[in-house]
Each structure stands twice: as C-alpha cells, then as structure tokens.
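Structure below is model-v1.txt: compact mmCIF, C-alpha atoms.
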# COMPACT_ATOMS: atom_id res chain seq x y z
CA MET A 1 82.92 59.48 102.64
CA GLY A 2 83.10 59.16 98.88
CA GLN A 3 86.31 59.44 96.92
CA ALA A 4 89.32 60.40 99.04
CA LEU A 5 89.71 64.15 98.80
CA ASP A 6 93.47 64.56 98.81
CA ASP A 7 94.49 62.11 96.11
CA ALA A 8 94.59 62.77 92.37
CA ALA A 9 91.21 61.15 91.75
CA GLY A 10 89.66 63.28 94.48
CA ARG A 11 91.03 66.42 92.92
CA ARG A 12 89.69 65.41 89.51
CA ARG A 13 86.30 64.82 91.05
CA ARG A 14 86.25 68.25 92.70
CA VAL A 15 87.38 70.05 89.57
CA ALA A 16 84.78 68.22 87.48
CA ALA A 17 82.08 69.24 89.95
CA TRP A 18 83.15 72.90 89.90
CA ARG A 19 83.43 72.98 86.13
CA ALA A 20 79.96 71.51 85.71
CA ALA A 21 78.34 73.76 88.33
CA ARG A 22 75.85 76.26 86.94
CA ARG A 23 76.04 78.62 89.91
CA LEU A 24 79.28 79.71 91.57
CA LEU A 25 80.55 82.72 93.43
CA HIS A 26 83.86 82.52 91.59
CA ARG A 27 85.35 80.52 88.74
CA THR A 28 89.12 80.18 88.68
CA SER A 29 91.20 80.48 85.53
CA SER A 30 92.76 77.08 86.28
CA GLU A 31 89.43 75.37 85.59
CA ALA A 32 89.50 76.32 81.90
CA THR A 33 90.81 73.78 79.40
CA PRO A 34 93.74 74.60 77.08
CA ARG A 35 91.25 74.76 74.21
CA GLU A 36 89.09 77.27 76.09
CA TRP A 37 92.10 79.41 76.99
CA LEU A 38 93.46 79.45 73.45
CA ALA A 39 90.02 80.30 72.06
CA ARG A 40 89.63 83.15 74.54
CA LEU A 41 93.05 84.62 73.80
CA THR A 42 92.42 84.42 70.07
CA ALA A 43 88.95 85.96 70.30
CA GLU A 44 89.59 88.68 72.88
CA GLY A 45 93.32 89.33 72.45
CA PRO A 46 93.00 91.81 69.55
CA SER A 47 91.21 94.23 71.88
CA VAL A 48 94.42 94.72 73.87
CA TYR A 49 97.30 93.85 71.51
CA ASP A 50 98.04 93.34 67.82
CA LEU A 51 98.13 89.56 67.43
CA ASP A 52 99.84 89.91 64.06
CA ASP A 53 102.88 91.43 65.73
CA SER A 54 105.97 89.27 66.21
CA VAL A 55 106.09 86.98 69.22
CA ASP A 56 108.21 88.04 72.17
CA THR A 57 111.69 86.67 72.70
CA TYR A 58 113.39 87.02 76.07
CA GLY A 59 111.06 89.75 77.27
CA ASN A 60 110.57 92.10 74.34
CA GLY A 61 107.44 92.80 72.29
CA ILE A 62 104.22 92.11 74.17
CA VAL A 63 106.11 91.62 77.44
CA GLU A 64 107.62 95.11 77.19
CA HIS A 65 104.17 96.45 76.35
CA LEU A 66 102.78 94.83 79.50
CA GLU A 67 105.63 96.22 81.61
CA ARG A 68 104.93 99.76 80.41
CA ARG A 69 101.23 99.33 81.12
CA VAL A 70 101.86 98.13 84.69
CA ALA A 71 104.35 100.91 85.45
CA GLU A 72 101.81 103.46 84.23
CA LEU A 73 98.95 101.94 86.26
CA LEU A 74 100.98 101.92 89.48
CA GLY A 75 102.65 105.29 88.95
CA PHE A 76 106.25 104.03 88.82
CA PRO A 77 108.93 104.82 86.23
CA ALA A 78 109.62 101.19 85.30
CA ALA A 79 108.46 97.59 85.64
CA VAL A 80 109.93 94.16 84.91
CA TYR A 81 107.96 90.99 84.15
CA PHE A 82 108.61 87.76 86.07
CA PRO A 83 107.27 84.26 85.41
CA THR A 84 106.40 83.83 89.10
CA GLY A 85 105.72 86.04 92.08
CA THR A 86 108.07 84.02 94.26
CA MET A 87 110.93 84.92 91.95
CA ALA A 88 109.89 88.57 91.86
CA GLN A 89 109.84 88.75 95.66
CA GLN A 90 113.22 87.04 95.96
CA VAL A 91 114.80 89.47 93.54
CA ALA A 92 113.21 92.54 95.14
CA LEU A 93 114.25 91.69 98.67
CA ARG A 94 117.80 90.59 97.85
CA SER A 95 118.28 93.70 95.68
CA TRP A 96 117.22 95.98 98.51
CA ALA A 97 119.48 94.05 100.89
CA GLY A 98 122.42 94.82 98.64
CA ARG A 99 121.48 98.48 98.37
CA THR A 100 120.82 99.04 102.07
CA GLY A 101 123.68 96.87 103.29
CA ASN A 102 121.28 95.06 105.64
CA ARG A 103 120.08 91.51 104.89
CA VAL A 104 117.34 91.52 107.54
CA VAL A 105 113.74 91.76 106.29
CA ALA A 106 110.93 92.68 108.66
CA LEU A 107 107.67 91.00 107.66
CA HIS A 108 104.66 89.21 109.10
CA PRO A 109 105.07 85.52 110.02
CA LEU A 110 101.98 84.78 107.87
CA ALA A 111 103.44 86.57 104.85
CA HIS A 112 103.84 84.54 101.67
CA PRO A 113 107.66 84.13 101.84
CA GLU A 114 107.40 82.72 105.37
CA VAL A 115 104.54 80.29 104.70
CA HIS A 116 104.57 79.32 101.03
CA GLU A 117 108.11 79.59 99.63
CA ARG A 118 110.07 76.79 101.37
CA ASP A 119 112.39 79.18 103.24
CA ALA A 120 113.67 80.57 99.94
CA LEU A 121 114.63 83.93 101.44
CA ALA A 122 117.19 82.22 103.65
CA VAL A 123 118.12 79.22 101.52
CA VAL A 124 118.42 80.95 98.14
CA SER A 125 119.01 84.60 98.96
CA GLY A 126 120.78 84.43 102.30
CA LEU A 127 118.34 86.80 103.97
CA ARG A 128 117.06 86.70 107.53
CA THR A 129 113.61 87.71 108.74
CA VAL A 130 112.20 89.33 111.86
CA HIS A 131 108.54 89.65 112.81
CA PRO A 132 107.17 92.95 114.13
CA THR A 133 103.97 91.20 115.30
CA HIS A 134 102.33 87.79 115.54
CA ALA A 135 98.81 89.20 115.64
CA ALA A 136 96.59 88.23 112.70
CA ARG A 137 96.86 91.66 111.07
CA LEU A 138 99.49 93.93 109.57
CA PRO A 139 101.95 95.46 112.07
CA THR A 140 101.29 98.83 113.65
CA ALA A 141 103.70 101.75 113.47
CA ASP A 142 104.71 101.26 117.09
CA GLU A 143 105.45 97.57 116.48
CA VAL A 144 107.69 98.52 113.56
CA ARG A 145 109.51 101.06 115.73
CA GLU A 146 109.99 98.46 118.47
CA VAL A 147 111.62 95.72 116.38
CA GLY A 148 114.64 94.80 118.46
CA GLU A 149 117.30 95.02 115.74
CA PRO A 150 118.02 96.99 112.57
CA PHE A 151 116.38 95.80 109.36
CA GLY A 152 116.96 96.97 105.82
CA THR A 153 113.52 96.33 104.34
CA LEU A 154 109.98 96.27 105.68
CA MET A 155 107.78 94.01 103.55
CA LEU A 156 104.01 94.43 103.82
CA GLU A 157 101.63 91.96 102.18
CA LEU A 158 98.54 93.87 101.05
CA PRO A 159 96.14 92.25 101.75
CA LEU A 160 97.55 89.73 104.22
CA ARG A 161 95.95 86.61 102.78
CA ASP A 162 96.55 84.01 105.46
CA ALA A 163 95.11 86.29 108.15
CA GLY A 164 91.86 86.65 106.18
CA PHE A 165 92.76 89.02 103.32
CA VAL A 166 93.02 91.82 105.88
CA LEU A 167 94.19 95.40 105.37
CA PRO A 168 94.97 98.25 107.75
CA ALA A 169 93.17 101.58 107.56
CA TRP A 170 94.79 104.05 105.15
CA GLU A 171 96.09 106.27 107.95
CA GLU A 172 97.56 103.22 109.71
CA LEU A 173 99.36 102.18 106.52
CA GLU A 174 100.84 105.67 106.14
CA GLU A 175 102.05 105.56 109.75
CA VAL A 176 103.64 102.13 109.32
CA VAL A 177 105.52 103.27 106.23
CA GLU A 178 106.71 106.37 108.05
CA ALA A 179 107.89 104.25 110.99
CA ALA A 180 110.03 102.18 108.61
CA ARG A 181 111.50 105.35 107.11
CA GLU A 182 112.38 106.54 110.62
CA ARG A 183 114.49 103.39 110.91
CA ASP A 184 116.24 104.06 107.59
CA ALA A 185 114.52 101.04 106.01
CA VAL A 186 113.00 100.79 102.54
CA VAL A 187 109.45 99.54 102.08
CA HIS A 188 108.42 96.78 99.69
CA PHE A 189 104.78 95.82 99.10
CA ASP A 190 103.87 92.23 98.39
CA GLY A 191 100.97 93.42 96.28
CA ALA A 192 100.02 90.13 94.66
CA ARG A 193 96.44 91.26 95.29
CA LEU A 194 97.08 95.00 95.48
CA TRP A 195 94.63 95.47 92.61
CA GLU A 196 91.71 94.70 94.93
CA THR A 197 92.62 97.15 97.73
CA THR A 198 91.36 100.43 96.24
CA ALA A 199 87.81 100.13 97.60
CA HIS A 200 89.02 99.58 101.18
CA PHE A 201 91.59 102.35 101.12
CA GLY A 202 89.48 104.79 99.11
CA ARG A 203 92.58 105.62 97.05
CA ASP A 204 93.68 104.87 93.51
CA LEU A 205 96.48 102.49 92.66
CA PRO A 206 99.28 105.09 92.24
CA ASP A 207 98.47 106.54 95.67
CA ILE A 208 98.63 103.13 97.32
CA ALA A 209 101.68 101.82 95.47
CA GLY A 210 103.41 105.18 95.83
CA LEU A 211 103.86 104.67 99.56
CA ALA A 212 106.41 101.94 98.85
CA ASP A 213 109.86 101.90 97.25
CA SER A 214 108.93 98.81 95.21
CA VAL A 215 105.82 96.74 94.61
CA TYR A 216 105.20 93.24 93.28
CA VAL A 217 101.87 92.45 91.62
CA SER A 218 100.40 89.22 90.31
CA PHE A 219 98.50 88.76 87.06
CA TYR A 220 96.37 85.78 88.04
CA LYS A 221 95.35 86.16 91.69
CA SER A 222 92.98 89.08 91.11
CA LEU A 223 93.05 89.46 87.35
CA ASP A 224 92.11 85.95 86.18
CA GLY A 225 95.28 85.57 84.12
CA LEU A 226 97.34 82.53 83.24
CA SER A 227 100.44 83.27 85.31
CA GLY A 228 103.16 85.83 85.78
CA ALA A 229 103.99 88.84 87.90
CA ALA A 230 105.63 92.25 87.70
CA LEU A 231 107.97 94.20 89.92
CA VAL A 232 107.86 98.00 89.80
CA GLY A 233 110.28 100.51 91.22
CA PRO A 234 112.92 103.09 90.31
CA GLU A 235 114.59 102.61 86.92
CA SER A 236 117.97 101.56 88.34
CA PHE A 237 116.28 99.09 90.68
CA VAL A 238 114.28 97.56 87.83
CA GLU A 239 117.40 97.20 85.69
CA GLU A 240 119.13 95.40 88.55
CA ALA A 241 116.05 93.20 88.89
CA ARG A 242 116.33 92.26 85.21
CA ALA A 243 119.88 91.06 85.82
CA TRP A 244 118.78 88.98 88.81
CA ARG A 245 115.82 87.61 86.84
CA HIS A 246 118.30 86.23 84.31
CA ARG A 247 120.47 84.75 87.04
CA TYR A 248 117.42 83.09 88.62
CA GLY A 249 116.46 81.48 85.32
CA GLY A 250 113.45 83.72 84.76
CA ASN A 251 114.40 85.22 81.40
CA VAL A 252 112.02 82.92 79.53
CA PHE A 253 112.27 82.60 75.74
CA GLN A 254 108.57 83.24 74.94
CA GLN A 255 105.76 84.29 77.28
CA HIS A 256 103.16 85.84 74.99
CA PRO A 257 100.15 83.72 76.15
CA ALA A 258 100.66 84.73 79.78
CA ALA A 259 101.39 88.36 78.86
CA LEU A 260 98.30 88.54 76.65
CA ALA A 261 96.13 87.06 79.41
CA ALA A 262 97.57 89.64 81.82
CA LEU A 263 96.69 92.50 79.47
CA LEU A 264 93.15 91.13 79.19
CA GLY A 265 92.93 90.97 82.97
CA LEU A 266 94.00 94.59 83.30
CA GLU A 267 91.43 95.59 80.69
CA ARG A 268 88.50 93.44 81.82
CA GLU A 269 88.87 92.41 85.45
CA LEU A 270 90.64 95.38 87.02
CA PRO A 271 87.71 97.81 86.50
CA ARG A 272 85.30 95.23 87.97
CA LEU A 273 87.14 94.63 91.23
CA PRO A 274 85.34 97.38 93.23
CA SER A 275 81.98 95.80 92.33
CA TYR A 276 83.28 92.43 93.48
CA VAL A 277 84.34 93.94 96.82
CA ALA A 278 80.93 95.54 97.30
CA HIS A 279 79.09 92.30 96.56
CA ALA A 280 81.42 90.26 98.77
CA ARG A 281 80.03 92.26 101.68
CA VAL A 282 76.48 91.29 100.68
CA VAL A 283 77.54 87.64 100.44
CA ALA A 284 79.31 87.73 103.83
CA ASP A 285 76.21 89.14 105.55
CA ALA A 286 74.00 86.53 103.89
CA LEU A 287 76.33 83.70 104.93
CA ARG A 288 76.07 84.80 108.55
CA ASP A 289 72.28 84.96 108.33
CA GLY A 290 72.20 81.56 106.66
CA PHE A 291 74.35 79.84 109.28
CA GLU A 292 72.28 81.36 112.09
CA ALA A 293 69.02 80.25 110.47
CA ALA A 294 70.42 76.74 109.96
CA GLY A 295 71.32 76.45 113.65
CA VAL A 296 75.06 75.98 113.14
CA PRO A 297 76.44 75.99 116.72
CA TRP A 298 79.54 78.07 115.93
CA PHE A 299 80.88 79.83 112.85
CA ARG A 300 82.95 82.82 111.80
CA VAL A 301 82.96 84.99 108.70
CA HIS A 302 86.26 86.84 108.81
CA PRO A 303 86.63 89.76 108.49
CA GLU A 304 83.05 90.58 109.48
CA VAL A 305 83.08 93.20 106.73
CA PRO A 306 85.42 91.89 104.00
CA HIS A 307 88.30 94.23 103.17
CA THR A 308 88.52 92.86 99.61
CA HIS A 309 86.37 90.52 97.51
CA GLU A 310 87.91 87.57 99.38
CA PHE A 311 87.41 86.46 102.97
CA GLN A 312 87.44 83.41 105.26
CA VAL A 313 84.64 81.22 106.61
CA TRP A 314 85.21 78.96 109.65
CA LEU A 315 82.94 76.07 110.71
CA PRO A 316 83.12 73.47 113.54
CA TYR A 317 83.62 70.37 111.40
CA GLY A 318 86.60 68.53 109.95
CA PRO A 319 87.88 69.67 106.56
CA ASP A 320 87.10 66.32 104.92
CA VAL A 321 83.45 66.51 105.98
CA LEU A 322 83.07 70.06 104.71
CA THR A 323 84.90 69.46 101.43
CA GLU A 324 82.83 66.35 100.75
CA ALA A 325 79.61 68.28 101.44
CA ALA A 326 80.72 71.12 99.17
CA THR A 327 81.58 68.68 96.39
CA ARG A 328 78.26 66.86 96.70
CA GLN A 329 76.35 70.12 96.60
CA ALA A 330 78.02 71.02 93.32
CA GLU A 331 77.46 67.54 91.90
CA GLU A 332 73.83 67.15 93.01
CA THR A 333 72.46 70.68 92.68
CA GLY A 334 74.79 72.48 90.28
CA THR A 335 75.51 75.08 92.97
CA ALA A 336 79.07 75.46 94.23
CA LEU A 337 78.87 77.63 97.32
CA PHE A 338 82.23 76.54 98.80
CA ARG A 339 85.26 74.66 97.55
CA ARG A 340 88.06 73.06 99.57
CA TRP A 341 88.24 73.36 103.34
CA PHE A 342 91.41 73.22 105.44
CA ALA A 343 92.24 72.37 109.04
CA SER A 344 93.15 75.21 111.34
CA SER A 345 96.86 75.95 111.64
CA ALA A 346 99.10 74.32 114.22
CA GLY A 347 98.02 75.38 117.68
CA GLY A 348 94.54 76.26 116.49
CA PRO A 349 91.35 74.74 117.90
CA PRO A 350 90.71 71.10 116.96
CA GLY A 351 87.62 70.20 114.96
CA VAL A 352 87.50 73.54 113.15
CA ALA A 353 88.11 74.11 109.46
CA MET A 354 88.45 77.13 107.20
CA THR A 355 87.75 77.96 103.57
CA GLU A 356 88.41 81.03 101.47
CA VAL A 357 85.51 82.64 99.63
CA SER A 358 86.06 84.75 96.51
CA VAL A 359 83.30 86.76 94.86
CA THR A 360 83.88 87.62 91.21
CA SER A 361 81.77 88.01 88.09
CA PRO A 362 79.72 84.78 88.44
CA GLY A 363 78.79 85.77 92.00
CA LEU A 364 77.30 89.14 91.09
CA ASP A 365 74.05 87.43 90.11
CA TRP A 366 73.59 85.95 93.60
CA THR A 367 71.08 87.71 95.83
CA ALA A 368 71.26 87.49 99.61
CA ASP A 369 68.34 85.05 99.49
CA ASP A 370 70.24 82.89 96.97
CA VAL A 371 73.18 82.70 99.36
CA LYS A 372 70.97 81.79 102.34
CA GLU A 373 69.23 79.07 100.35
CA ALA A 374 72.59 77.62 99.30
CA VAL A 375 73.79 77.70 102.93
CA ARG A 376 70.70 75.75 104.01
CA GLY A 377 71.40 73.04 101.44
CA PHE A 378 75.09 72.94 102.31
CA VAL A 379 74.47 72.57 106.05
CA ASP A 380 72.01 69.72 105.39
CA LEU A 381 74.71 67.92 103.41
CA VAL A 382 77.32 68.59 106.10
CA ARG A 383 75.11 66.92 108.69
CA LEU A 384 74.47 63.99 106.36
CA VAL A 385 78.18 63.46 105.66
CA ALA A 386 79.01 63.78 109.35
CA ARG A 387 76.48 61.05 110.19
CA GLU A 388 77.96 58.79 107.54
CA GLY A 389 81.29 59.08 109.34
How does the structure come out when it is put into structure tokens?
Amino acid sequence: MGQALDDAAGRRRRVAAWRAARRLLHRTSSEATPREWLARLTAEGPSVYDLDDSVDTYGNGIVEHLERRVAELLGFPAAVYFPTGTMAQQVALRSWAGRTGNRVVALHPLAHPEVHERDALAVVSGLRTVHPTHAARLPTADEVREVGEPFGTLMLELPLRDAGFVLPAWEELEEVVEAARERDAVVHFDGARLWETTAHFGRDLPDIAGLADSVYVSFYKSLDGLSGAALVGPESFVEEARAWRHRYGGNVFQQHPAALAALLGLERELPRLPSYVAHARVVADALRDGFEAAGVPWFRVHPEVPHTHEFQVWLPYGPDVLTEAATRQAEETGTALFRRWFASSAGGPPGVAMTEVSVTSPGLDWTADDVKEAVRGFVDLVRLVAREG
C-alpha cells in the first residue's frame, strides 16, 4: 500500500504531496518552510506592527500590543499571552479553583483537556473533572443542573472539536451558562476556535465571549498563525494568570515571530472566517452528492450543516486505505480533497474511519461541481487501494 503512513517517511511523503498540490480546500501554516514564513512576516508585518521597534523581552513590546488587541476584540478588560493553549487552560482552571475553593471542573469527556493533554489537569494542577453528558454535543442546561456534586468551574469548548466542531444554539448556550451560575460556578470557554463561531451564533465576539468569566483563544487553529494563545478575563484574574505563566515556564524571553503572525491572523484571517463557514456548507452538500453519485454504500458528513468552517467526514474503509488514496490523489492529480484519516474511537464501529475537513481561502475557488468531481476521483482511488490490499 505504498510507503507506510505512520512513520516519518510516510509523513514526509504526505506533506510533500500537500505542499505540491495545486488545489486544496485548506492549506495549513505548518506546511510553509521557515524561509516562506520569514519572508511573509517581513513583507506583511509592517501592516500590523512597526518592525523597527525593539524586540519583545519577557512579554513586553509586540506581545503587550497583541494582548491589548485581543482584550479589545473579545470585550474584556485584560489579556495575557501564552506560548501554548494547554498552558493557558491549565492556568485558567487552577486559578478559578483557587478563587472558588472548589477543584472540580465540569466539562465534556471529549473536551481538549480530557483527550489531548495527558491528564494534565489532575497530574499537574490537582484538579478533578466531572462530565455533565456523554452525548456528542455540548451539555444542556438541565444536564448541568443535574451534575451529582458541586463543581467550581464549568468549561465549555466552543466548538467541541472531537464531536464534529459542534455548537449549541445561542439560546441553549445562554441557558447552560445560567445553569452554571445557579450552581455558584464560574464559566470558562475553551475558545481555541471561538473566532469561527460568530456565523453560527449570529452574534459578535464580545457578545459570545461575554457570557463567560474567562476565555482562552488560539492564534493558529483558526487564524493561520505560528503558535501561541491568549487568556482573557478580569484584570485581577489576568494578573494572577501572569504569575502562574511564569511558574509554568511560559514567560518566554522573545516571542515576536509568533506574536507578529498572530496580529496578521487577526487582521487578515479573522474577517474572512464567515465566508469560510458559508462555503463549508456548499462543500459539505457537494460531498454528500458526490458520495451518493459514486455509489459509496455508507457515509456521513457531520454535522449535516457545518456549524463552523470545519466538519467531519466518515467512510466505511480503514484509515490506511483512505489516507493512501488521499495521498495518491494529491500526488497524481494535484488535487488534495482530503488529508489524513483516523479510525473510529474505542467502542466505535469497526471498519469505519473519519477525517476532518477545513475550508479556508484556497477552498473558496471550489464550486460544487469541482467538489463532486474530486470525490469521484477519490472514490476510484479508494477502490483501487482496497483491491491492492
């Protein structure tokens, strides 16, 4: 089945295929070379910051400028920059635990700290978690009210990535927040991708973020940045977070490349996100039509109407078969419709795999017919790879 897909050589092959592809729905910032990144920051950076200013040291200069910009965008009095979102979340949740006197955090079992952070909430911060629901969606207000023990913080991941980048309705989100308040809990938003939620909610960023006591946002997951995150909240909370950032080893000497890339993302990508969401819905519909026309026996596009510009696709083949077909399509045709595929989670149906689809600037040129044509070619390659065994 060609080069093994999980080893280093397999990854190099995939990345080379994606980089060389002429047509993609999305191109990730991690595919750019250091030379390309440095050239972009040098060419475009002056539009958002004076590159002749002194470099930052331990969070001043351009980093402070970025913090003020984020606080203003989200409607909070203060923000603090972090090198990683995992660190920002750790600091936020342990700080609220200290302030509420309750070290229990209510969150979804598919939330990022539960799935992707190696139990850091418990191991590093001494926190304990409870789950209001196990359904593949955010909890309802009644489920929050019915949690069987007191909790100090309710954490909501907006959107909930591992469930399909799903969001509640606006009224449901308001009710969930109110239910937490009824239980004397504070509310923290894991808003790594909060930037892309405005179209679904029909609200601006300050309205959405303003429901919570604190919000974490990422600078690369929606904004095409290099790295980094910010935590916003009340001034005293942010000052405490700065102290914890230092204790966690996050007070980095210089971070101007990442901060500059974040400012460019806020300037360039943030205004485009609603158009990406709208076109993701066109792409999702065309994928369904394409799979039906190709006679695929079973498939899912989830959610049926994407809540953001990202969504899941499920097909009844193994992940190696689908990833190999996707890689060959990019190599042979210059079209990268899909990227890596993954097996369903433990307890899920065997023989089914999932991929995440993102629609950003490169995908805006795709018509529905373009998508259906690419699906036809992809399915032909899937069947070929499956026959090869």
_Nearest-residue call for Thr367 of chain A, choices A:Asp285, A:Asp320, A:Glu117, A:Glu331, using only C-alpha atoms_ =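 With only C-alpha atoms as the atom set, the closest residue is A:Asp285.
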*A:Arg94, A:Arg193, A:Arg183, A:Arg118 ranked by distance to Val147 of chain A, top pick (using all atoms listed in the file)*: A:Arg183
*Separation of atom CA of Glu267 of chain A from atom CA of His65 of chain A in Å*: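 A separation of 13.5 Å between them.
Atom pair atom CA of Leu194 of chain A / atom CA of Pro159 of chain A has a distance of 6.9 Å (rounded to one decimal).
Within 8 Å of the point (97.4, 90.6, 82.7), counting all atoms listed in the file, the protein and nucleic acid residues come to Leu66, Phe219, Tyr220, Leu223, Asp224, Gly225, Ala258, Ala259, Leu260, Ala261, Ala262, Leu263, Leu264, Gly265 and Leu266 of chain A.
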*Mind pulling up the distance from atom CA of Ala353 of chain A to atom CA of Glu304 of chain A?*
17.2 Å
_For Arg19 of chain A, the nearest of the candidates A:Thr360, A:Thr327, A:Lys372, A:Val186, counting all atoms listed in the file_ =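 Among the listed residues, the smallest separation from Arg19 of chain A belongs to A:Thr327.
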*asked:* Show me the residues around (72.9, 77.4, 105.5) - criterion: an atom at most 8 Å away, only C-alpha atoms counted - as a PyMOL selection string.
replied: chain A and resi 287+290-294+372-380
*asked:* Need the shell around Tyr216 of chain A: protein/DNA/RNA residues with any atom at most 6 Å away, counting only C-alpha atoms. Skip same-chain ones fewer than 3 positions apart. Format as a list in words?
replied: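 What passes the distance filter is Asp190, Gly191, Ala230 and Leu231 of chain A.
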_Selected residue of minimal separation from Gly75 of chain A among A:Gly101, A:Pro319, A:Gly45, A:Gly210, counting only C-alpha atoms_ =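 Smallest separation from Gly75 of chain A among the options: A:Gly210.
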*Which residue gives the smallest distance to Pro306 of chain A among A:Leu173, A:Ala185, A:Ala284, A:Ala326, with only C-alpha atoms counted?*
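Of A:Leu173, A:Ala185, A:Ala284, A:Ala326, the one nearest Pro306 of chain A, counting only C-alpha atoms, is A:Ala284.
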_Shortest interatomic distance to Val385 of chain A - which of A:Gly351, A:Val321, A:Val215, A:Trp341, counting all atoms listed in the file_ =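 Smallest distance to Val385 of chain A is found for A:Val321.
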So that I can check the surroundings of Gly249 of chain A, please list as a compact mmCIF listing (two decimals) with C-alpha atoms, in the frame of the given file every protein, DNA and RNA residue that reaches within 12 Å of it, counting all atoms listed in the file and ignoring chain neighbours fewer than 3 positions away.
# COMPACT_ATOMS: atom_id res chain seq x y z
CA TYR A 58 113.39 87.02 76.07
CA PHE A 82 108.61 87.76 86.07
CA PRO A 83 107.27 84.26 85.41
CA THR A 84 106.40 83.83 89.10
CA MET A 87 110.93 84.92 91.95
CA ALA A 88 109.89 88.57 91.86
CA VAL A 91 114.80 89.47 93.54
CA ARG A 242 116.33 92.26 85.21
CA ALA A 243 119.88 91.06 85.82
CA TRP A 244 118.78 88.98 88.81
CA ARG A 245 115.82 87.61 86.84
CA HIS A 246 118.30 86.23 84.31
CA VAL A 252 112.02 82.92 79.53
CA PHE A 253 112.27 82.60 75.74
_Env of Ser345 of chain A: 12 Å cut, atoms = only C-alpha atoms, seq-sep filter 4 positions within chain, self excluded. Answer as number ranges by chain._
A: 110, 115, 162-163, 349-354
Output segment 268-275 of chain A as a JSON list (two decimals), in the frame of the given file, making sure all heavy atoms are there.
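Okay, this is what ended up in part_37.json:
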[["chain", "number", "residue", "atom", "x", "y", "z"],
["A", 268, "ARG", "N", 89.84, 93.93, 81.51],
["A", 268, "ARG", "CA", 88.50, 93.44, 81.82],
["A", 268, "ARG", "C", 88.23, 93.32, 83.31],
["A", 268, "ARG", "O", 87.17, 93.75, 83.79],
["A", 268, "ARG", "CB", 88.29, 92.06, 81.16],
["A", 268, "ARG", "CG", 88.59, 92.02, 79.67],
["A", 268, "ARG", "CD", 87.56, 92.78, 78.85],
["A", 268, "ARG", "NE", 87.93, 92.85, 77.44],
["A", 268, "ARG", "CZ", 87.67, 91.91, 76.54],
["A", 268, "ARG", "NH1", 87.05, 90.81, 76.90],
["A", 268, "ARG", "NH2", 88.04, 92.08, 75.28],
["A", 269, "GLU", "N", 89.13, 92.70, 84.04],
["A", 269, "GLU", "CA", 88.87, 92.41, 85.45],
["A", 269, "GLU", "C", 89.17, 93.58, 86.37],
["A", 269, "GLU", "O", 88.44, 93.81, 87.34],
["A", 269, "GLU", "CB", 89.67, 91.19, 85.90],
["A", 269, "GLU", "CG", 89.13, 89.86, 85.39],
["A", 269, "GLU", "CD", 87.74, 89.58, 85.90],
["A", 269, "GLU", "OE1", 87.54, 89.45, 87.12],
["A", 269, "GLU", "OE2", 86.82, 89.50, 85.05],
["A", 270, "LEU", "N", 90.25, 94.30, 86.11],
["A", 270, "LEU", "CA", 90.64, 95.38, 87.02],
["A", 270, "LEU", "C", 89.51, 96.38, 87.26],
["A", 270, "LEU", "O", 89.24, 96.73, 88.42],
["A", 270, "LEU", "CB", 91.89, 96.08, 86.49],
["A", 270, "LEU", "CG", 92.47, 97.19, 87.37],
["A", 270, "LEU", "CD1", 92.80, 96.68, 88.77],
["A", 270, "LEU", "CD2", 93.71, 97.79, 86.71],
["A", 271, "PRO", "N", 88.80, 96.85, 86.23],
["A", 271, "PRO", "CA", 87.71, 97.81, 86.50],
["A", 271, "PRO", "C", 86.55, 97.20, 87.29],
["A", 271, "PRO", "O", 85.76, 97.94, 87.90],
["A", 271, "PRO", "CB", 87.24, 98.22, 85.10],
["A", 271, "PRO", "CG", 88.37, 97.88, 84.18],
["A", 271, "PRO", "CD", 89.00, 96.66, 84.78],
["A", 272, "ARG", "N", 86.41, 95.89, 87.29],
["A", 272, "ARG", "CA", 85.30, 95.23, 87.97],
["A", 272, "ARG", "C", 85.56, 94.97, 89.45],
["A", 272, "ARG", "O", 84.63, 94.67, 90.20],
["A", 272, "ARG", "CB", 84.99, 93.90, 87.30],
["A", 272, "ARG", "CG", 84.55, 94.00, 85.84],
["A", 272, "ARG", "CD", 84.44, 92.61, 85.24],
["A", 272, "ARG", "NE", 84.05, 92.66, 83.83],
["A", 272, "ARG", "CZ", 84.07, 91.61, 83.01],
["A", 272, "ARG", "NH1", 84.46, 90.44, 83.47],
["A", 272, "ARG", "NH2", 83.69, 91.73, 81.76],
["A", 273, "LEU", "N", 86.80, 95.05, 89.87],
["A", 273, "LEU", "CA", 87.14, 94.63, 91.23],
["A", 273, "LEU", "C", 86.36, 95.39, 92.30],
["A", 273, "LEU", "O", 85.91, 94.78, 93.28],
["A", 273, "LEU", "CB", 88.64, 94.76, 91.46],
["A", 273, "LEU", "CG", 89.50, 93.70, 90.76],
["A", 273, "LEU", "CD1", 90.98, 94.00, 90.93],
["A", 273, "LEU", "CD2", 89.19, 92.30, 91.27],
["A", 274, "PRO", "N", 86.15, 96.72, 92.19],
["A", 274, "PRO", "CA", 85.34, 97.38, 93.23],
["A", 274, "PRO", "C", 83.93, 96.81, 93.35],
["A", 274, "PRO", "O", 83.39, 96.72, 94.47],
["A", 274, "PRO", "CB", 85.33, 98.84, 92.77],
["A", 274, "PRO", "CG", 86.60, 99.01, 91.99],
["A", 274, "PRO", "CD", 86.76, 97.69, 91.26],
["A", 275, "SER", "N", 83.32, 96.40, 92.23],
["A", 275, "SER", "CA", 81.98, 95.80, 92.33],
["A", 275, "SER", "C", 82.04, 94.44, 93.00],
["A", 275, "SER", "O", 81.10, 94.06, 93.71],
["A", 275, "SER", "CB", 81.35, 95.68, 90.93],
["A", 275, "SER", "OG", 82.02, 94.72, 90.13]]
